[in-house]
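Student: Take this structure first; my questions come after.
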Amino acid sequence: MIFDIQHFCTYDGPGIRTVVFFKGCPLRCVWCCNPESQKATPELMFDGEKCIRCFKCICPKGALKHTDEVLLDRDICNVCGECQELCPTNALRVVGRLLSVDEVMKEVLEERVFYSENGGVTFSGGEPFMQSEFLLELSKLSKLEKLSVVVETSGYAKWEKIEKTLQYVDLIFFDIKSCDSERHFVLTGVRNELILENLKKIATECETVVRVPVVEGYNFKDESDVFKLAEICRNADVEKIDLLRYHRLGEKKYRMLGRKYDLEVGDTRFIHYMKKILEEEGFKVMIGGTNY
Amino acid sequence: MVGLSDVADSFAAIDELVFRKRIISLQELLNALRSNFEGYEELRQILLNKAPKYGRDELANHYAKIVAEIFASEVMKYRNSRGGRYLPGIYSMSTHVGFGMLTGALPSGRKAGEPLSNGIAPKNARSLTTAMRSVASIEQKKFMNGVSYVVNISPDVFRGREGKEKFIALLRGYFELGGMNCHFNVVDASKLIEAQRNPEKYRDLVVRVAGFSAYFVDLTKEVQDEIIRRILEKV
């Protein structure tokens with residue numbers, strides 16, 4: 001289950017890359033900027049700004065009502081996708097497609113001429129390890145084609161699901177959402193013990209960069225959190241840390257999925273202070289995750 | 001030749017929506033074009049969103065190739081009064097804006113008066129690399145008068161040594177596929193909008209228009225807007 005494939009990505013690993021976004025994630029981070037990546041099944045997105053109120057969208061189940069605007073009843077909608085065919089503006093759009101390994105590889109290899117020596121494919125999500133067999137096959141084939149393989153993970157998966165794929169992976173972007181397990185649970189829906197355990201194991205087998213979304217006042221509150229992060233990374237022998245700036249670009253997508261987004265983040269200068277501390281602790285730190 | 005992408009997208013729209021899927025009738029399309037889509041917004045949206053596009057879909061790329069080849073072989077048939085050949089080229093300088101003002105609505109969904117496509121560039125590409133693949137799939141060596149492919153790219157891409165390596169990989173790929181020419185505008189849209197507002201501060205800002213460069217502030221408002229629009233659309 002894939003929700004997007006994007007070409008010419010330059011921020012998700014070395015070189016020019018194609019990013020394959022897996023749909024389905026075990027975490028529910030309150031700041032998630034890709035809410036459509038969370039559920040492991042297709043979903044209908046409705047963009048009210050694109051809608052021209054032509055009312056051509058007819059639902060065989062009756063989930064669409066027309067007043068002076070289009071109303072979608074998600075309890076009735078079974079995501080059959082018929083309305084998206086009828087919608088002239090693509091305001092109604094189903095995200096999530098079941099693709100075969102061959103179909104994904106075909107799209108990835110179409111761009112091969114641009115990958116050069118160090119570019120290739122990045123498997124992102126959602127959580128790629130949630131579809132571990134699919135990921136294993138794709139990674140294996142990509143390696144056979146001599147592409148660079150990068151995986152972005154939340155680290156929340158059983159070790160058996162991760163282990164077998166690592167031999168085909170060149171670089172892992174490993175997210176740490178919070179250093180405090182209790183707070184991790186409140187902000188993402190799961191605790192972080194399994195994640196931290198996996199970080200150590202992964203980092204011994206594969207080049208690993210830790211990525212940290214910085215949502216000030218939520219997952220990082222003060223210096224002590226930053227020192228905890230440094231300790232975790234040091235224990236796992238990770239040298240590189242990417243700090244990702246918080247942004248609200250995903251806000252509209254929540255509306256399009258009929259969900260609410262309520263997160264107010266005031267100050268976003270803390271990230272620079274974090275960078276300074278972590279550099280003093282001996283790490284290579286980047287803000288924004290560019291250029292490896 | 002000016003407007004390759006418009007013609008390719010228009011043929012692809014007719015092929016797909018009128019003949020293959022039969023969603024639109026030819027008569028309905030003609031009526032919509034004659035009235036410049038007045039009262040036909042829904043139809044226009046279908047043309048914009050449900051039809052294949054050059055730089056994105058195979059069918060439209062195919063039409064771009066056919067159109068380019070027919071044009072090239074036709075031009076080559078003619079001789080001037082001294083027996084010399086006319087040589088085909090695909091570049092528009094800034095005429096795609098001027099000619100666009102004189103061109104009616106098109107089945108691509110483009111309204112009357114809007115700019116035509118710039119040189120050989122697609123108007124609705126999926127990404128820069130898919131655009132380059134489509135552009136390079138046109139047999140550029142048939143155009144001995146040259147082609148012009150303007151790429152708008154954010155300065156971010158060039159940051160650091162790794163950024164420059166990415167740029168090299170991009171260029172290598174394009175020329176390996178058979179591309180003959182491309183030129184770059186490396187600039188943020190916000191800077192150009194700022195330059196429109198305060199031209200006196202940006203006297204030395206040079207941009208690539210189409211086969212030539214110019215001082216941004218010397219261009220007409222229409223050409224300036226077109227460049228900004230293309231940068232915002234990242235193509």
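Ligands are numbered from 1 in the order shown, residues from 1 within each chain, and chains are lettered A, B, ... in the order they appear in the structure tokens.
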Return as a count of residues only the full set of residues in region 108-233 of chain B whose backbone-based DSSP assignment is strand (DSSP E or B).
Tutor: 15
Student: Residues of chain A near chain B: apply a cut-off of 6 Å, count only C-alpha atoms, and supply the list as a PyMOL selection string.
Tutor: chain A and resi 8+15-16+88-89+113-114+116+291
Student: Could you list, as number ranges by chain, every residue within 8 Å of Pro26 (chain A), counting only C-alpha atoms and ignoring same-chain residues fewer than 2 positions away?
Tutor: A: 24, 28, 38, 127, 130, 156
Student: Using only C-alpha atoms, determine which residues lie at most 12 Å from Thr67 (chain A), disregarding the query and same-chain residues fewer than 6 positions distant; provide the list as an MDAnalysis selection string.
Tutor: chainID A and resid 53:55
Student: What's the 8 Å shell around Lys65 (chain B), counting only C-alpha atoms, without same-chain residues fewer than 2 positions away, as a compact mmCIF listing (two decimals) with N, CA and C atoms, in the first residue's frame?
Tutor:
```txt
# COMPACT_ATOMS: atom_id res chain seq x y z
N ASN B 61 3.25 12.88 -24.32
CA ASN B 61 4.64 12.88 -24.80
C ASN B 61 4.69 12.41 -26.25
N HIS B 62 3.89 11.40 -26.53
CA HIS B 62 3.81 10.84 -27.87
C HIS B 62 3.36 11.92 -28.86
N TYR B 63 2.34 12.68 -28.49
CA TYR B 63 1.88 13.75 -29.38
C TYR B 63 2.93 14.85 -29.56
N VAL B 67 4.15 15.93 -33.25
CA VAL B 67 4.01 17.32 -33.69
C VAL B 67 5.38 17.90 -34.06
N ALA B 68 6.36 17.64 -33.22
CA ALA B 68 7.70 18.17 -33.47
C ALA B 68 8.26 17.61 -34.78
N GLU B 69 8.05 16.33 -34.99
CA GLU B 69 8.62 15.72 -36.20
C GLU B 69 7.94 16.20 -37.47
N SER B 137 13.02 13.14 -25.03
CA SER B 137 12.46 12.11 -25.91
C SER B 137 12.10 12.67 -27.27
N ILE B 138 12.03 13.98 -27.38
CA ILE B 138 11.81 14.61 -28.69
C ILE B 138 13.13 14.62 -29.43
N GLU B 139 13.09 14.23 -30.69
CA GLU B 139 14.36 14.10 -31.40
C GLU B 139 14.97 15.47 -31.68
```
Student: Name all residues at most 12 Å from Leu196 (chain A) (count only C-alpha atoms; drop same-chain ones fewer than 4 positions away) and give them as a short mmCIF file (atom, residue, chain, number, x, y, z; two decimals) with N, CA and C atoms, in the first residue's frame.
Tutor:
```cif
data_model
loop_
_atom_site.label_atom_id
_atom_site.label_comp_id
_atom_site.auth_asym_id
_atom_site.auth_seq_id
_atom_site.Cartn_x
_atom_site.Cartn_y
_atom_site.Cartn_z
N SER A 154 10.45 5.05 11.78
CA SER A 154 10.17 5.48 13.16
C SER A 154 10.85 4.54 14.14
N GLY A 155 11.36 3.43 13.64
CA GLY A 155 12.04 2.46 14.49
C GLY A 155 11.09 1.58 15.28
N TYR A 156 9.79 1.78 15.08
CA TYR A 156 8.81 1.02 15.87
C TYR A 156 8.35 -0.19 15.06
N ALA A 157 9.09 -1.28 15.19
CA ALA A 157 8.74 -2.54 14.51
C ALA A 157 9.49 -3.66 15.21
N TRP A 159 12.02 -6.57 15.75
CA TRP A 159 13.37 -6.69 15.18
C TRP A 159 13.40 -7.66 14.00
N PHE A 174 16.66 7.49 11.05
CA PHE A 174 15.94 6.92 12.19
C PHE A 174 15.38 8.04 13.04
N ASP A 175 14.07 8.08 13.16
CA ASP A 175 13.41 9.16 13.91
C ASP A 175 13.45 8.94 15.41
N ILE A 176 13.79 9.98 16.13
CA ILE A 176 13.55 9.96 17.58
C ILE A 176 12.59 11.10 17.88
N LYS A 177 11.43 10.74 18.37
CA LYS A 177 10.37 11.73 18.55
C LYS A 177 10.40 12.35 19.94
N SER A 178 10.80 11.55 20.92
CA SER A 178 10.93 12.08 22.27
C SER A 178 11.83 11.15 23.06
N CYS A 179 12.61 11.71 23.98
CA CYS A 179 13.56 10.90 24.75
C CYS A 179 12.91 10.34 26.01
N ASP A 180 11.75 10.86 26.33
CA ASP A 180 11.06 10.44 27.55
C ASP A 180 9.89 9.53 27.15
N SER A 181 9.93 8.30 27.66
CA SER A 181 8.96 7.30 27.20
C SER A 181 7.52 7.70 27.49
N HIS A 184 6.59 10.33 25.12
CA HIS A 184 6.52 9.68 23.81
C HIS A 184 5.14 9.07 23.62
N ARG A 191 5.13 3.88 23.41
CA ARG A 191 6.29 4.19 24.24
C ARG A 191 7.56 4.02 23.40
N ASN A 192 8.71 4.48 23.93
CA ASN A 192 9.89 4.49 23.06
C ASN A 192 10.94 3.41 23.36
N LYS A 200 19.92 1.04 18.59
CA LYS A 200 21.25 0.47 18.86
C LYS A 200 21.58 -0.65 17.88
N LYS A 201 20.61 -1.52 17.68
CA LYS A 201 20.84 -2.68 16.80
C LYS A 201 21.05 -2.24 15.36
N ILE A 202 20.20 -1.33 14.89
CA ILE A 202 20.29 -0.89 13.50
C ILE A 202 21.62 -0.19 13.26
N ALA A 203 21.98 0.69 14.20
CA ALA A 203 23.19 1.51 14.00
C ALA A 203 24.46 0.66 13.94
N VAL A 210 20.24 10.03 12.83
CA VAL A 210 19.06 10.24 13.66
C VAL A 210 18.36 11.52 13.22
N LYS A 228 19.69 14.31 27.00
CA LYS A 228 19.20 12.93 26.91
C LYS A 228 19.34 12.40 25.48
N LEU A 229 19.01 13.25 24.53
CA LEU A 229 19.13 12.87 23.12
C LEU A 229 20.59 12.56 22.78
N GLU A 231 22.88 11.56 24.77
CA GLU A 231 23.27 10.30 25.41
C GLU A 231 22.78 9.09 24.60
N ILE A 232 21.53 9.18 24.16
CA ILE A 232 20.96 8.08 23.36
C ILE A 232 21.78 7.87 22.09
N CYS A 233 22.12 8.95 21.43
CA CYS A 233 22.86 8.85 20.17
C CYS A 233 24.28 8.33 20.42
N ARG A 234 24.89 8.79 21.52
CA ARG A 234 26.25 8.35 21.83
C ARG A 234 26.26 6.86 22.12
N ASN A 235 25.29 6.41 22.91
CA ASN A 235 25.20 4.98 23.23
C ASN A 235 25.00 4.11 22.00
N ALA A 236 24.36 4.69 20.98
CA ALA A 236 24.11 3.90 19.77
C ALA A 236 25.22 4.12 18.73
#
```
Student: Please produce, as a Markdown table, a per-residue contact table for region 168-215 of chain A versus region 274-290 of chain A (criterion: any atom at most 12 Å away, only C-alpha atoms considered), showing the nearest atom pair and its distance in Å to one decimal, sorted by chain then residue number.
Tutor:
```
| residue | atom | partner | partner_atom | distance |
| --- | --- | --- | --- | --- |
| A:Phe173 | CA | A:Gly289 | CA | 9.9 |
| A:Asp175 | CA | A:Gly289 | CA | 11.9 |
| A:Val209 | CA | A:Lys284 | CA | 9.8 |
| A:Val210 | CA | A:Val285 | CA | 9.7 |
| A:Arg211 | CA | A:Gly289 | CA | 7.9 |
| A:Val212 | CA | A:Ile287 | CA | 9.6 |
| A:Pro213 | CA | A:Gly288 | CA | 9.4 |
| A:Val214 | CA | A:Met274 | CA | 9.2 |
| A:Val215 | CA | A:Met274 | CA | 11.8 |
```
Student: How would you write, as a count of residues only, the set of residues in region 10-254 of chain A that DSSP gives as helix (DSSP H, G or I)?
Tutor: 83
Student: Do a neighbour search on Arg34 (chain B) at 12 Å with only C-alpha atoms, toss out local chain neighbours closer than 5 positions, and write the hits as a PyMOL selection string.
Tutor: chain B and resi 27-29+39-40+103-107+111-112
Student: Given the selection you just returned, output its residues as a file containing N, CA and C atoms, formatted as a tab-separated table (two decimals), in the first residue's frame.
Tutor:
```tsv
chain	number	residue	atom	x	y	z
B	27	GLN	N	-18.42	18.50	-30.41
B	27	GLN	CA	-19.22	19.71	-30.56
B	27	GLN	C	-19.21	20.54	-29.27
B	28	GLU	N	-19.35	19.85	-28.16
B	28	GLU	CA	-19.33	20.51	-26.86
B	28	GLU	C	-17.98	21.22	-26.66
B	29	LEU	N	-16.91	20.53	-27.03
B	29	LEU	CA	-15.57	21.10	-26.88
B	29	LEU	C	-15.42	22.36	-27.73
B	39	GLY	N	-18.99	29.80	-19.06
B	39	GLY	CA	-20.09	28.86	-18.83
B	39	GLY	C	-19.67	27.41	-18.97
B	40	TYR	N	-18.38	27.17	-19.19
B	40	TYR	CA	-17.90	25.80	-19.35
B	40	TYR	C	-16.76	25.48	-18.37
B	103	THR	N	-3.76	34.17	-29.28
B	103	THR	CA	-4.25	32.81	-29.52
B	103	THR	C	-5.49	32.53	-28.67
B	104	GLY	N	-6.49	31.92	-29.33
B	104	GLY	CA	-7.75	31.62	-28.65
B	104	GLY	C	-7.61	30.49	-27.64
B	105	ALA	N	-8.73	30.12	-27.04
B	105	ALA	CA	-8.74	29.04	-26.05
B	105	ALA	C	-8.34	27.72	-26.71
B	106	LEU	N	-7.74	26.81	-25.94
B	106	LEU	CA	-7.25	25.55	-26.48
B	106	LEU	C	-7.80	24.36	-25.69
B	107	PRO	N	-7.87	23.21	-26.35
B	107	PRO	CA	-8.38	22.01	-25.65
B	107	PRO	C	-7.50	21.54	-24.49
B	111	LYS	N	-6.90	29.22	-21.42
B	111	LYS	CA	-7.85	30.25	-21.87
B	111	LYS	C	-7.20	31.16	-22.91
B	112	ALA	N	-8.02	31.84	-23.69
B	112	ALA	CA	-7.53	32.78	-24.69
B	112	ALA	C	-6.66	33.84	-24.03
```
Student: Which is closest to Val238 (chain A) among A:Ser224, A:Asn34, A:Thr204, A:Thr268, if we use only C-alpha atoms?
Tutor: A:Thr204
Student: Counting only C-alpha atoms, figure out which residue out of A:Leu44, A:Ile52, A:Asp170, A:Leu99 gets nearest to Val79 (chain A).
Tutor: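 Comparing A:Leu44, A:Ile52, A:Asp170, A:Leu99 against Val79 (chain A), the winner is A:Leu44.
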Student: Provide the CA of Glu207 (chain A) to CA of Asp4 (chain A) distance in Å, to one decimal place.
Tutor: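 Here the two named atoms are 25.5 Å from each other.
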